[in-house]
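Chemist: Structure file query.pdb (PDB, C-alpha atoms) is given on the next line.
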```
ATOM      1  CA  MET A   1       0.000   0.000   0.000
ATOM      2  CA  GLN A   2       1.321   3.439  -0.937
ATOM      3  CA  PHE A   3       1.616   6.187   1.615
ATOM      4  CA  ALA A   4      -1.522   8.386   1.739
ATOM      5  CA  GLU A   5      -3.482   6.382  -0.822
ATOM      6  CA  ASP A   6      -6.449   6.092   1.556
ATOM      7  CA  PHE A   7      -6.635   9.868   1.877
ATOM      8  CA  LEU A   8      -5.430  11.441  -1.384
ATOM      9  CA  GLN A   9      -6.969  10.951  -4.824
ATOM     10  CA  ASP A  10      -3.435  10.924  -6.221
ATOM     11  CA  THR A  11      -0.514  10.210  -3.903
ATOM     12  CA  ASN A  12       1.731  12.240  -6.236
ATOM     13  CA  SER A  13      -0.167  15.389  -5.229
ATOM     14  CA  PHE A  14       1.697  15.552  -1.915
ATOM     15  CA  PRO A  15       3.583  18.896  -2.104
ATOM     16  CA  GLU A  16       7.258  18.590  -2.923
ATOM     17  CA  ASP A  17       8.114  21.949  -1.351
ATOM     18  CA  ARG A  18       7.373  23.193   2.148
ATOM     19  CA  ASP A  19       5.331  26.063   0.759
ATOM     20  CA  GLY A  20       1.787  26.951  -0.117
ATOM     21  CA  THR A  21      -1.035  29.480   0.137
ATOM     22  CA  ALA A  22      -1.897  30.406   3.711
ATOM     23  CA  TRP A  23      -5.533  30.558   4.792
ATOM     24  CA  GLY A  24      -4.962  33.957   6.361
ATOM     25  CA  GLU A  25      -2.505  36.154   8.185
ATOM     26  CA  GLU A  26      -3.337  35.285  11.789
ATOM     27  CA  THR A  27      -0.947  33.535  14.198
ATOM     28  CA  LEU A  28      -1.813  31.766  17.441
ATOM     29  CA  ALA A  29       0.277  30.161  20.217
ATOM     30  CA  ILE A  30      -0.607  27.281  22.542
ATOM     31  CA  GLY A  31       1.308  26.928  25.800
ATOM     32  CA  PHE A  32       2.004  23.306  26.671
ATOM     33  CA  LEU A  33       4.873  21.058  27.747
ATOM     34  CA  GLY A  34       7.737  21.475  25.299
ATOM     35  CA  GLY A  35       6.187  24.607  23.778
ATOM     36  CA  PRO A  36       5.065  27.168  23.035
ATOM     37  CA  TYR A  37       3.534  25.753  19.858
ATOM     38  CA  VAL A  38       2.899  28.505  17.294
ATOM     39  CA  PHE A  39       0.540  28.136  14.318
ATOM     40  CA  HIS A  40       0.862  30.476  11.335
ATOM     41  CA  GLY A  41      -1.346  31.218   8.333
ATOM     42  CA  LEU A  42      -4.751  30.949  10.014
ATOM     43  CA  ASN A  43      -7.859  32.859   9.055
ATOM     44  CA  THR A  44     -10.367  34.331  11.498
ATOM     45  CA  ALA A  45     -12.703  31.314  11.449
ATOM     46  CA  GLN A  46      -9.851  28.909  12.196
ATOM     47  CA  THR A  47      -8.444  31.100  14.969
ATOM     48  CA  THR A  48     -11.894  31.361  16.558
ATOM     49  CA  ALA A  49     -12.353  27.575  16.461
ATOM     50  CA  ILE A  50      -8.913  26.915  17.979
ATOM     51  CA  ASN A  51      -9.469  29.551  20.677
ATOM     52  CA  ARG A  52     -12.775  27.942  21.582
ATOM     53  CA  ARG A  53     -11.301  24.443  21.745
ATOM     54  CA  PHE A  54      -8.030  25.268  23.546
ATOM     55  CA  SER A  55      -9.164  28.408  25.378
ATOM     56  CA  ASP A  56      -7.103  28.212  28.567
ATOM     57  CA  LEU A  57      -3.979  26.987  26.755
ATOM     58  CA  VAL A  58      -3.874  29.771  24.179
ATOM     59  CA  CYS A  59      -1.068  32.113  25.210
ATOM     60  CA  THR A  60       0.731  35.277  24.201
ATOM     61  CA  LEU A  61       2.918  34.934  21.125
ATOM     62  CA  PRO A  62       6.559  34.359  22.137
ATOM     63  CA  ASP A  63       9.188  36.987  21.402
ATOM     64  CA  LYS A  64      11.908  36.349  18.858
ATOM     65  CA  GLU A  65      14.367  35.172  21.542
ATOM     66  CA  THR A  66      12.017  32.445  22.835
ATOM     67  CA  PRO A  67      12.337  29.071  21.046
ATOM     68  CA  SER A  68       9.025  27.832  19.678
ATOM     69  CA  ILE A  69       7.642  24.926  17.661
ATOM     70  CA  ASP A  70       6.248  26.488  14.487
ATOM     71  CA  THR A  71       3.600  25.076  12.161
ATOM     72  CA  HIS A  72       2.533  26.720   8.898
ATOM     73  CA  ILE A  73      -0.985  25.923   7.690
ATOM     74  CA  TYR A  74      -1.795  26.057   3.978
ATOM     75  CA  ARG A  75      -4.765  25.541   1.682
ATOM     76  CA  LEU A  76      -5.205  22.434  -0.432
ATOM     77  CA  PRO A  77      -8.233  21.918  -2.710
ATOM     78  CA  GLU A  78     -10.893  19.566  -1.386
ATOM     79  CA  SER A  79     -10.880  17.800  -4.755
ATOM     80  CA  LEU A  80      -7.427  16.357  -3.970
ATOM     81  CA  PHE A  81      -8.769  14.425  -0.973
ATOM     82  CA  LYS A  82     -10.804  11.250  -0.981
ATOM     83  CA  SER A  83     -14.259  11.371   0.562
ATOM     84  CA  ILE A  84     -14.399   9.054   3.592
ATOM     85  CA  ASP A  85     -17.573   7.460   4.916
ATOM     86  CA  THR A  86     -16.958   7.797   8.666
ATOM     87  CA  ARG A  87     -19.727   5.405   9.688
ATOM     88  CA  ASP A  88     -18.032   2.541  11.558
ATOM     89  CA  TRP A  89     -14.666   4.041  10.515
ATOM     90  CA  GLU A  90     -11.921   4.188  13.134
ATOM     91  CA  TYR A  91      -9.870   7.359  12.813
ATOM     92  CA  ARG A  92      -6.286   6.676  11.836
ATOM     93  CA  LEU A  93      -3.246   8.388  10.358
ATOM     94  CA  ASP A  94      -0.793   7.228   7.724
ATOM     95  CA  PHE A  95       2.938   7.822   8.283
ATOM     96  CA  ASP A  96       5.967   7.885   6.014
ATOM     97  CA  TYR A  97       8.929   7.725   8.407
ATOM     98  CA  GLN A  98      12.312   9.032   7.276
ATOM     99  CA  SER A  99      15.598   9.692   9.085
ATOM    100  CA  THR A 100      15.159  13.470   9.465
ATOM    101  CA  TYR A 101      11.434  13.979   8.862
ATOM    102  CA  LEU A 102       8.102  12.245   8.497
ATOM    103  CA  ARG A 103       5.107  12.759   6.278
ATOM    104  CA  ILE A 104       1.614  12.387   7.679
ATOM    105  CA  ALA A 105      -1.730  11.858   5.970
ATOM    106  CA  GLY A 106      -5.165  11.874   7.539
ATOM    107  CA  MET A 107      -8.750  12.696   6.769
ATOM    108  CA  ARG A 108      -8.767  16.007   4.869
ATOM    109  CA  PHE A 109      -5.165  16.956   5.670
ATOM    110  CA  ILE A 110      -1.541  16.086   4.994
ATOM    111  CA  ALA A 111       1.576  17.307   6.800
ATOM    112  CA  TRP A 112       5.356  17.331   6.810
ATOM    113  CA  LEU A 113       7.099  17.207  10.186
ATOM    114  CA  GLN A 114      10.766  18.191  10.134
ATOM    115  CA  LEU A 115      12.712  16.609  12.997
ATOM    116  CA  GLU A 116      16.266  17.826  12.386
ATOM    117  CA  PRO A 117      17.983  20.151  13.070
ATOM    118  CA  HIS A 118      14.884  21.222  15.027
ATOM    119  CA  ILE A 119      11.187  20.427  14.972
ATOM    120  CA  ARG A 120       8.829  22.400  12.754
ATOM    121  CA  ALA A 121       5.794  21.443  10.672
ATOM    122  CA  TRP A 122       3.807  22.275   7.557
ATOM    123  CA  MET A 123       0.151  21.325   7.158
ATOM    124  CA  TRP A 124      -2.048  21.387   4.061
ATOM    125  CA  THR A 125      -5.804  21.069   4.524
ATOM    126  CA  CYS A 126      -9.074  21.773   2.775
ATOM    127  CA  ASP A 127     -10.813  22.619   6.060
ATOM    128  CA  ASP A 128     -11.655  26.191   6.925
ATOM    129  CA  GLN A 129     -13.797  26.617  10.061
ATOM    130  CA  ASN A 130     -13.999  22.807  10.272
ATOM    131  CA  LEU A 131     -10.283  22.502  11.040
ATOM    132  CA  ILE A 132     -11.230  21.560  14.616
ATOM    133  CA  ALA A 133     -14.531  19.808  13.930
ATOM    134  CA  ASN A 134     -12.897  17.307  11.558
ATOM    135  CA  SER A 135     -10.029  16.660  14.014
ATOM    136  CA  ALA A 136      -7.249  17.517  11.548
ATOM    137  CA  PHE A 137      -5.686  20.144  13.801
ATOM    138  CA  GLU A 138      -5.827  18.031  16.963
ATOM    139  CA  ASN A 139      -4.379  14.952  15.346
ATOM    140  CA  LEU A 140      -1.422  16.802  13.910
ATOM    141  CA  PHE A 141      -0.878  18.593  17.225
ATOM    142  CA  ARG A 142      -0.709  15.241  19.047
ATOM    143  CA  VAL A 143       2.059  14.038  16.751
ATOM    144  CA  ILE A 144       4.042  17.269  17.026
ATOM    145  CA  VAL A 145       3.884  17.137  20.832
ATOM    146  CA  ALA A 146       4.952  13.464  20.909
ATOM    147  CA  TYR A 147       8.093  14.158  18.862
ATOM    148  CA  GLN A 148       8.936  17.368  20.697
ATOM    149  CA  LEU A 149       8.762  15.629  24.079
ATOM    150  CA  LEU A 150      10.799  12.713  22.728
ATOM    151  CA  SER A 151      13.582  15.146  21.875
ATOM    152  CA  ARG A 152      13.530  16.375  25.487
ATOM    153  CA  GLY A 153      13.639  12.973  27.183
ATOM    154  CA  GLY A 154       9.870  12.727  27.558
ATOM    155  CA  MET A 155       6.968  10.877  26.019
ATOM    156  CA  VAL A 156       3.227  10.811  25.371
ATOM    157  CA  LEU A 157       1.361   7.846  26.852
ATOM    158  CA  HIS A 158      -2.060   6.425  26.075
ATOM    159  CA  SER A 159      -3.187   6.655  29.665
ATOM    160  CA  ALA A 160      -5.634   7.813  32.263
ATOM    161  CA  GLY A 161      -4.268  10.354  34.704
ATOM    162  CA  LEU A 162      -5.508  10.945  38.246
ATOM    163  CA  ALA A 163      -4.185  13.596  40.616
ATOM    164  CA  GLU A 164      -4.369  14.430  44.302
ATOM    165  CA  GLU A 165      -2.899  17.664  45.617
ATOM    166  CA  GLU A 166       0.638  17.861  44.174
ATOM    167  CA  ARG A 167       1.047  14.356  42.727
ATOM    168  CA  ALA A 168      -0.329  12.199  39.933
ATOM    169  CA  TRP A 169      -0.692   8.570  38.907
ATOM    170  CA  LEU A 170      -0.914   7.339  35.325
ATOM    171  CA  PHE A 171      -2.696   4.182  34.162
ATOM    172  CA  ILE A 172      -1.603   2.949  30.755
ATOM    173  CA  GLY A 173      -3.387   0.574  28.427
ATOM    174  CA  ARG A 174      -4.723   0.186  24.935
ATOM    175  CA  SER A 175      -8.298   0.953  23.946
ATOM    176  CA  GLY A 176     -10.674  -1.002  26.163
ATOM    177  CA  ALA A 177      -8.197  -1.478  29.016
ATOM    178  CA  GLY A 178     -10.353   0.589  31.368
ATOM    179  CA  LYS A 179      -8.822   4.075  31.270
ATOM    180  CA  SER A 180     -12.170   5.863  31.228
ATOM    181  CA  THR A 181     -13.590   3.452  33.810
ATOM    182  CA  ILE A 182     -10.777   3.952  36.304
ATOM    183  CA  SER A 183     -11.030   7.716  35.757
ATOM    184  CA  ARG A 184     -14.685   7.671  36.801
ATOM    185  CA  LEU A 185     -13.938   5.391  39.761
ATOM    186  CA  GLY A 186     -11.087   7.624  40.883
ATOM    187  CA  GLU A 187     -13.221  10.744  40.639
ATOM    188  CA  LYS A 188     -15.781   9.189  42.983
ATOM    189  CA  THR A 189     -13.061   8.829  45.653
ATOM    190  CA  GLY A 190     -12.026  12.484  45.438
ATOM    191  CA  LEU A 191      -9.182  12.177  42.954
ATOM    192  CA  THR A 192      -9.227  14.629  40.062
ATOM    193  CA  ILE A 193      -9.005  13.584  36.419
ATOM    194  CA  LEU A 194      -6.125  14.803  34.288
ATOM    195  CA  SER A 195      -7.243  12.859  31.227
ATOM    196  CA  ASP A 196      -8.798   9.523  30.360
ATOM    197  CA  ASP A 197      -6.993   9.239  27.041
ATOM    198  CA  MET A 198      -3.488  10.734  26.752
ATOM    199  CA  ASN A 199      -1.000  12.336  29.098
ATOM    200  CA  ALA A 200       2.405  13.888  28.460
ATOM    201  CA  ILE A 201       5.510  13.354  30.594
ATOM    202  CA  VAL A 202       8.736  15.329  30.581
ATOM    203  CA  LEU A 203      11.726  15.562  32.903
ATOM    204  CA  GLN A 204      11.907  19.002  34.527
ATOM    205  CA  ASP A 205      14.508  19.830  37.179
ATOM    206  CA  ASP A 206      15.189  16.100  37.601
ATOM    207  CA  VAL A 207      11.505  15.351  38.298
ATOM    208  CA  TYR A 208       9.127  13.588  35.916
ATOM    209  CA  MET A 209       6.158  15.898  35.448
ATOM    210  CA  THR A 210       2.885  15.116  33.714
ATOM    211  CA  GLU A 211       0.376  17.392  32.104
ATOM    212  CA  GLN A 212      -2.954  16.538  30.543
ATOM    213  CA  LEU A 213      -2.820  16.587  26.777
ATOM    214  CA  PRO A 214      -5.610  18.871  25.569
ATOM    215  CA  PHE A 215      -7.409  15.952  23.915
ATOM    216  CA  ALA A 216      -9.811  13.885  26.000
ATOM    217  CA  GLY A 217     -11.451  10.501  25.487
ATOM    218  CA  GLU A 218     -14.865   9.463  26.724
ATOM    219  CA  HIS A 219     -14.782  11.817  29.699
ATOM    220  CA  GLY A 220     -14.713  14.858  27.413
ATOM    221  CA  GLN A 221     -13.098  18.201  28.035
ATOM    222  CA  THR A 222     -15.224  19.269  31.000
ATOM    223  CA  ALA A 223     -14.056  19.049  34.598
ATOM    224  CA  LEU A 224     -10.541  17.996  33.652
ATOM    225  CA  THR A 225      -7.664  19.246  35.778
ATOM    226  CA  ARG A 226      -5.117  21.611  34.288
ATOM    227  CA  GLY A 227      -1.595  21.912  35.580
ATOM    228  CA  LYS A 228       1.656  19.992  35.934
ATOM    229  CA  PHE A 229       2.090  17.268  38.551
ATOM    230  CA  PRO A 230       5.001  15.055  39.684
ATOM    231  CA  VAL A 231       4.456  11.465  38.562
ATOM    232  CA  GLN A 232       4.159   9.017  41.467
ATOM    233  CA  ALA A 233       3.673   5.828  39.450
ATOM    234  CA  VAL A 234       2.715   4.431  36.060
ATOM    235  CA  TYR A 235       0.530   1.319  36.257
ATOM    236  CA  TYR A 236      -0.556  -1.097  33.537
ATOM    237  CA  LEU A 237      -4.320  -1.576  33.727
ATOM    238  CA  GLN A 238      -6.284  -4.805  33.761
ATOM    239  CA  LYS A 239      -9.947  -5.233  34.690
ATOM    240  CA  SER A 240     -10.437  -7.949  37.279
ATOM    241  CA  SER A 241     -12.721  -9.416  39.930
ATOM    242  CA  GLN A 242     -10.374  -8.027  42.580
ATOM    243  CA  ASN A 243      -8.107  -5.073  43.321
ATOM    244  CA  ARG A 244      -4.487  -6.156  43.272
ATOM    245  CA  LEU A 245      -1.093  -4.661  42.475
ATOM    246  CA  GLU A 246       1.387  -7.095  40.937
ATOM    247  CA  GLU A 247       5.085  -6.564  40.306
ATOM    248  CA  THR A 248       6.128  -6.703  36.667
ATOM    249  CA  PRO A 249       9.585  -7.694  35.355
ATOM    250  CA  ALA A 250      11.575  -4.751  34.036
ATOM    251  CA  ALA A 251      11.589  -5.993  30.432
ATOM    252  CA  LYS A 252       7.826  -6.456  30.436
ATOM    253  CA  ARG A 253       7.263  -3.019  31.942
ATOM    254  CA  LEU A 254       9.309  -1.484  29.128
ATOM    255  CA  ALA A 255       7.323  -3.422  26.527
ATOM    256  CA  GLU A 256       4.041  -2.220  28.040
ATOM    257  CA  LEU A 257       5.233   1.376  27.989
ATOM    258  CA  MET A 258       6.361   1.033  24.367
ATOM    259  CA  VAL A 259       2.987  -0.287  23.252
ATOM    260  CA  CYS A 260       1.279   2.701  24.870
ATOM    261  CA  SER A 261       3.542   5.349  23.307
ATOM    262  CA  PRO A 262       1.609   6.402  20.195
ATOM    263  CA  PHE A 263       3.094   7.597  16.889
ATOM    264  CA  VAL A 264       6.759   7.282  17.883
ATOM    265  CA  ASN A 265       6.608   3.572  18.732
ATOM    266  CA  THR A 266       6.191   2.689  15.054
ATOM    267  CA  ASP A 267       8.992   4.984  13.861
ATOM    268  CA  PRO A 268      12.057   2.804  13.135
ATOM    269  CA  TYR A 269      14.388   5.829  13.172
ATOM    270  CA  ARG A 270      13.313   6.985  16.645
ATOM    271  CA  TYR A 271      12.571   3.616  18.289
ATOM    272  CA  ALA A 272      15.901   3.524  20.150
ATOM    273  CA  ASP A 273      15.413   7.075  21.459
ATOM    274  CA  LEU A 274      11.949   6.192  22.718
ATOM    275  CA  ALA A 275      13.230   3.008  24.382
ATOM    276  CA  ARG A 276      15.940   5.033  26.137
ATOM    277  CA  ASN A 277      13.437   7.600  27.432
ATOM    278  CA  LEU A 278      11.002   4.939  28.600
ATOM    279  CA  SER A 279      13.767   2.893  30.259
ATOM    280  CA  ALA A 280      14.813   5.955  32.265
ATOM    281  CA  LEU A 281      11.203   6.523  33.324
ATOM    282  CA  ARG A 282      10.771   2.867  34.285
ATOM    283  CA  ASN A 283      13.957   2.885  36.363
ATOM    284  CA  ARG A 284      12.899   5.907  38.425
ATOM    285  CA  ILE A 285       9.105   5.663  38.688
ATOM    286  CA  SER A 286       7.104   2.959  40.466
ATOM    287  CA  GLY A 287       4.839   0.715  38.426
ATOM    288  CA  GLY A 288       3.445  -2.746  37.875
ATOM    289  CA  LYS A 289       0.159  -4.312  36.820
ATOM    290  CA  LEU A 290      -2.887  -2.880  38.556
ATOM    291  CA  GLU A 291      -5.853  -5.203  38.527
ATOM    292  CA  PHE A 292      -8.984  -3.267  39.444
ATOM    293  CA  HIS A 293     -12.582  -4.150  40.264
ATOM    294  CA  LEU A 294     -15.456  -2.273  38.665
ATOM    295  CA  ASP A 295     -16.905  -1.609  42.125
ATOM    296  CA  GLY A 296     -13.872   0.503  43.017
ATOM    297  CA  GLY A 297     -11.370   0.358  45.871
ATOM    298  CA  PHE A 298      -8.202   0.414  43.757
ATOM    299  CA  GLU A 299      -7.181   3.765  45.260
ATOM    300  CA  LYS A 300      -6.072   2.004  48.457
ATOM    301  CA  LEU A 301      -3.214   0.428  46.455
ATOM    302  CA  LEU A 302      -1.735   3.695  45.206
ATOM    303  CA  ASN A 303       1.665   4.684  46.610
ATOM    304  CA  ARG A 304       0.407   7.746  48.481
TER     305      ARG A 304
END
```
Since I need it in another form, could you write the structure as structure tokens?

Modeler:
Amino acid sequence: MQFAEDFLQDTNSFPEDRDGTAWGEETLAIGFLGGPYVFHGLNTAQTTAINRRFSDLVCTLPDKETPSIDTHIYRLPESLFKSIDTRDWEYRLDFDYQSTYLRIAGMRFIAWLQLEPHIRAWMWTCDDQNLIANSAFENLFRVIVAYQLLSRGGMVLHSAGLAEEERAWLFIGRSGAGKSTISRLGEKTGLTILSDDMNAIVLQDDVYMTEQLPFAGEHGQTALTRGKFPVQAVYYLQKSSQNRLEETPAAKRLAELMVCSPFVNTDPYRYADLARNLSALRNRISGGKLEFHLDGGFEKLLNR
């Protein structure tokens, strides 16, 4: 299968140059771990949609001396994209991994992510005010964040995140592992939800800190906790008839973390870097397999 053939009418229409026609002249910055992330070439409708979706993360544009992760957004005719029947369709992205960059294709957008000498991105889309509604912006943003954190010793994990005061616990697992379920159970005990889908981790001042990625799963965007928290533990989830914490061999823990590290874990050029980052996390942060009962009570096992 050719790269992007599920999304483009003609795979040869992928732009050869990192150039194009901007939608507008507006620029917007999002403050998040590894950022700020600055998006150029937006029009008013796109800026309004992004402001509405990421309201409390939108920040002042950085000055010229402040390093930023820049993305330029360009127009591409809708006729170049395939029409996708989204009924019973699971959203996915297509990747073309290379040693210094990667190309990305998704529903109604394509992108080029430069990785060396520093990270920057170019996005081409046919979506105007629907840039958020059709998930193109969010899905590219996820990938950019994952690679930026990788370059800083961090990672993005498919995980639920629960916090209490100045500490947090992450619960990793693939779809169906129980991330949304344990989030609801934790909330009932007084813990606050960071996210039930994805969380970011980065090493700051020799402490692993986590922050909710601004993309939620079943729990939605309401009532989620903003802020950065020291990571107490990362547990691998398994639904069970009992609440139990089981030790996991180091090699298996690493494998579980790798499986739950989206985008980068299928990149053959960055696999070793990801394994190094995850090994360092595993060696310093508690973990294991957390079996949990649907009636609750797992919180008694957390290393408080």

Chemist: Excluding A:Gly178 and its own-chain neighbours fewer than 3 positions away, which residues fall within 7 Å of it when counting only C-alpha atoms? Please give them as a PyMOL selection string.

Modeler: chain A and resi 181-182+237+239

Chemist: Any chance you could work out the residue set of the PyMOL selection byres ((chain A and resi 89-95) around 10) here, as a ChimeraX atom specification?

Modeler: /A:2-7,84-88,96-98,102-107,109-112,135,139-140,263,266-267

Chemist: (15.3, 7.4, 19.7) in this file's frame - what residues fall within 12 Å of it? Use all atoms listed in the file and give the answer as a PyMOL selection string.

Modeler: chain A and resi 99-100+115+147-155+258+264-279

Chemist: Using the selection just defined, write its residues with C-alpha atoms as an mmCIF file, keeping the file's coordinate frame.

Modeler:
```cif
data_model
loop_
_atom_site.group_PDB
_atom_site.id
_atom_site.type_symbol
_atom_site.label_atom_id
_atom_site.label_comp_id
_atom_site.auth_asym_id
_atom_site.auth_seq_id
_atom_site.Cartn_x
_atom_site.Cartn_y
_atom_site.Cartn_z
ATOM 1 C CA SER A 99 15.598 9.692 9.085
ATOM 2 C CA THR A 100 15.159 13.470 9.465
ATOM 3 C CA LEU A 115 12.712 16.609 12.997
ATOM 4 C CA TYR A 147 8.093 14.158 18.862
ATOM 5 C CA GLN A 148 8.936 17.368 20.697
ATOM 6 C CA LEU A 149 8.762 15.629 24.079
ATOM 7 C CA LEU A 150 10.799 12.713 22.728
ATOM 8 C CA SER A 151 13.582 15.146 21.875
ATOM 9 C CA ARG A 152 13.530 16.375 25.487
ATOM 10 C CA GLY A 153 13.639 12.973 27.183
ATOM 11 C CA GLY A 154 9.870 12.727 27.558
ATOM 12 C CA MET A 155 6.968 10.877 26.019
ATOM 13 C CA MET A 258 6.361 1.033 24.367
ATOM 14 C CA VAL A 264 6.759 7.282 17.883
ATOM 15 C CA ASN A 265 6.608 3.572 18.732
ATOM 16 C CA THR A 266 6.191 2.689 15.054
ATOM 17 C CA ASP A 267 8.992 4.984 13.861
ATOM 18 C CA PRO A 268 12.057 2.804 13.135
ATOM 19 C CA TYR A 269 14.388 5.829 13.172
ATOM 20 C CA ARG A 270 13.313 6.985 16.645
ATOM 21 C CA TYR A 271 12.571 3.616 18.289
ATOM 22 C CA ALA A 272 15.901 3.524 20.150
ATOM 23 C CA ASP A 273 15.413 7.075 21.459
ATOM 24 C CA LEU A 274 11.949 6.192 22.718
ATOM 25 C CA ALA A 275 13.230 3.008 24.382
ATOM 26 C CA ARG A 276 15.940 5.033 26.137
ATOM 27 C CA ASN A 277 13.437 7.600 27.432
ATOM 28 C CA LEU A 278 11.002 4.939 28.600
ATOM 29 C CA SER A 279 13.767 2.893 30.259
#
```

Chemist: Can you measure atom CA of A:Val202 to atom CA of A:Ala255 for me? One decimal in Å is fine.

Modeler: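 Taking atom CA of A:Val202 as the start and atom CA of A:Ala255 as the end point, the length is 19.2 Å.
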
Chemist: I need the output of the PyMOL selection byres ((chain A and resi 233) around 7) for this file as a VMD selection string; which residues are they?

Modeler: chain A and resid 169 to 170 231 to 232 234 to 235 285 to 287

Chemist: List the neighbours of A:Leu157 out to 7 Å using all atoms listed in the file; skip same-chain residues closer than 2 positions along the sequence, and give me the result as a list of chain:residue names.

Modeler: A:Met155, A:Ser159, A:Ile172, A:Met198, A:Asn199, A:Ala200, A:Cys260, A:Ser261, A:Pro262

Chemist: Restricting it to C-alpha atoms, dump the selection as a short mmCIF file (atom, residue, chain, number, x, y, z; two decimals), in the coordinates of the input.

Modeler:
```
data_model
loop_
_atom_site.label_atom_id
_atom_site.label_comp_id
_atom_site.auth_asym_id
_atom_site.auth_seq_id
_atom_site.Cartn_x
_atom_site.Cartn_y
_atom_site.Cartn_z
CA MET A 155 6.97 10.88 26.02
CA SER A 159 -3.19 6.66 29.66
CA ILE A 172 -1.60 2.95 30.76
CA MET A 198 -3.49 10.73 26.75
CA ASN A 199 -1.00 12.34 29.10
CA ALA A 200 2.40 13.89 28.46
CA CYS A 260 1.28 2.70 24.87
CA SER A 261 3.54 5.35 23.31
CA PRO A 262 1.61 6.40 20.20
#
```

Chemist: Go through A:Arg18, A:Glu65, A:Thr44, A:Pro230 one by one, measure the shortest atom-to-atom distance of each to A:Gln114 using only C-alpha atoms, and give the residue with the smallest value.

Modeler: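 Closest residue, counting only C-alpha atoms: A:Arg18.
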
Chemist: Evaluate the PyMOL selection byres ((chain A and resi 180) around 9) against this structure - the residues, as a VMD selection string, please.

Modeler: chain A and resid 160 176 to 179 181 to 185 195 to 197 217 to 219

Chemist: Write a file of the selected residues as a PDB file, keeping the file's coordinate frame, keeping C-alpha atoms.

Modeler:
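Contents of result29.pdb, freshly written:
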```
ATOM      1  CA  ALA A 160      -5.634   7.813  32.263  1.00  0.00           C
ATOM      2  CA  GLY A 176     -10.674  -1.002  26.163  1.00  0.00           C
ATOM      3  CA  ALA A 177      -8.197  -1.478  29.016  1.00  0.00           C
ATOM      4  CA  GLY A 178     -10.353   0.589  31.368  1.00  0.00           C
ATOM      5  CA  LYS A 179      -8.822   4.075  31.270  1.00  0.00           C
ATOM      6  CA  THR A 181     -13.590   3.452  33.810  1.00  0.00           C
ATOM      7  CA  ILE A 182     -10.777   3.952  36.304  1.00  0.00           C
ATOM      8  CA  SER A 183     -11.030   7.716  35.757  1.00  0.00           C
ATOM      9  CA  ARG A 184     -14.685   7.671  36.801  1.00  0.00           C
ATOM     10  CA  LEU A 185     -13.938   5.391  39.761  1.00  0.00           C
ATOM     11  CA  SER A 195      -7.243  12.859  31.227  1.00  0.00           C
ATOM     12  CA  ASP A 196      -8.798   9.523  30.360  1.00  0.00           C
ATOM     13  CA  ASP A 197      -6.993   9.239  27.041  1.00  0.00           C
ATOM     14  CA  GLY A 217     -11.451  10.501  25.487  1.00  0.00           C
ATOM     15  CA  GLU A 218     -14.865   9.463  26.724  1.00  0.00           C
ATOM     16  CA  HIS A 219     -14.782  11.817  29.699  1.00  0.00           C
TER      17      HIS A 219
END
```

Chemist: Between atom CA of A:Gln204 and atom CA of A:Pro249, what is the spacing in Å?

Modeler: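 Interatomic distance, atom CA of A:Pro249 to atom CA of A:Gln204: 26.8 Å.
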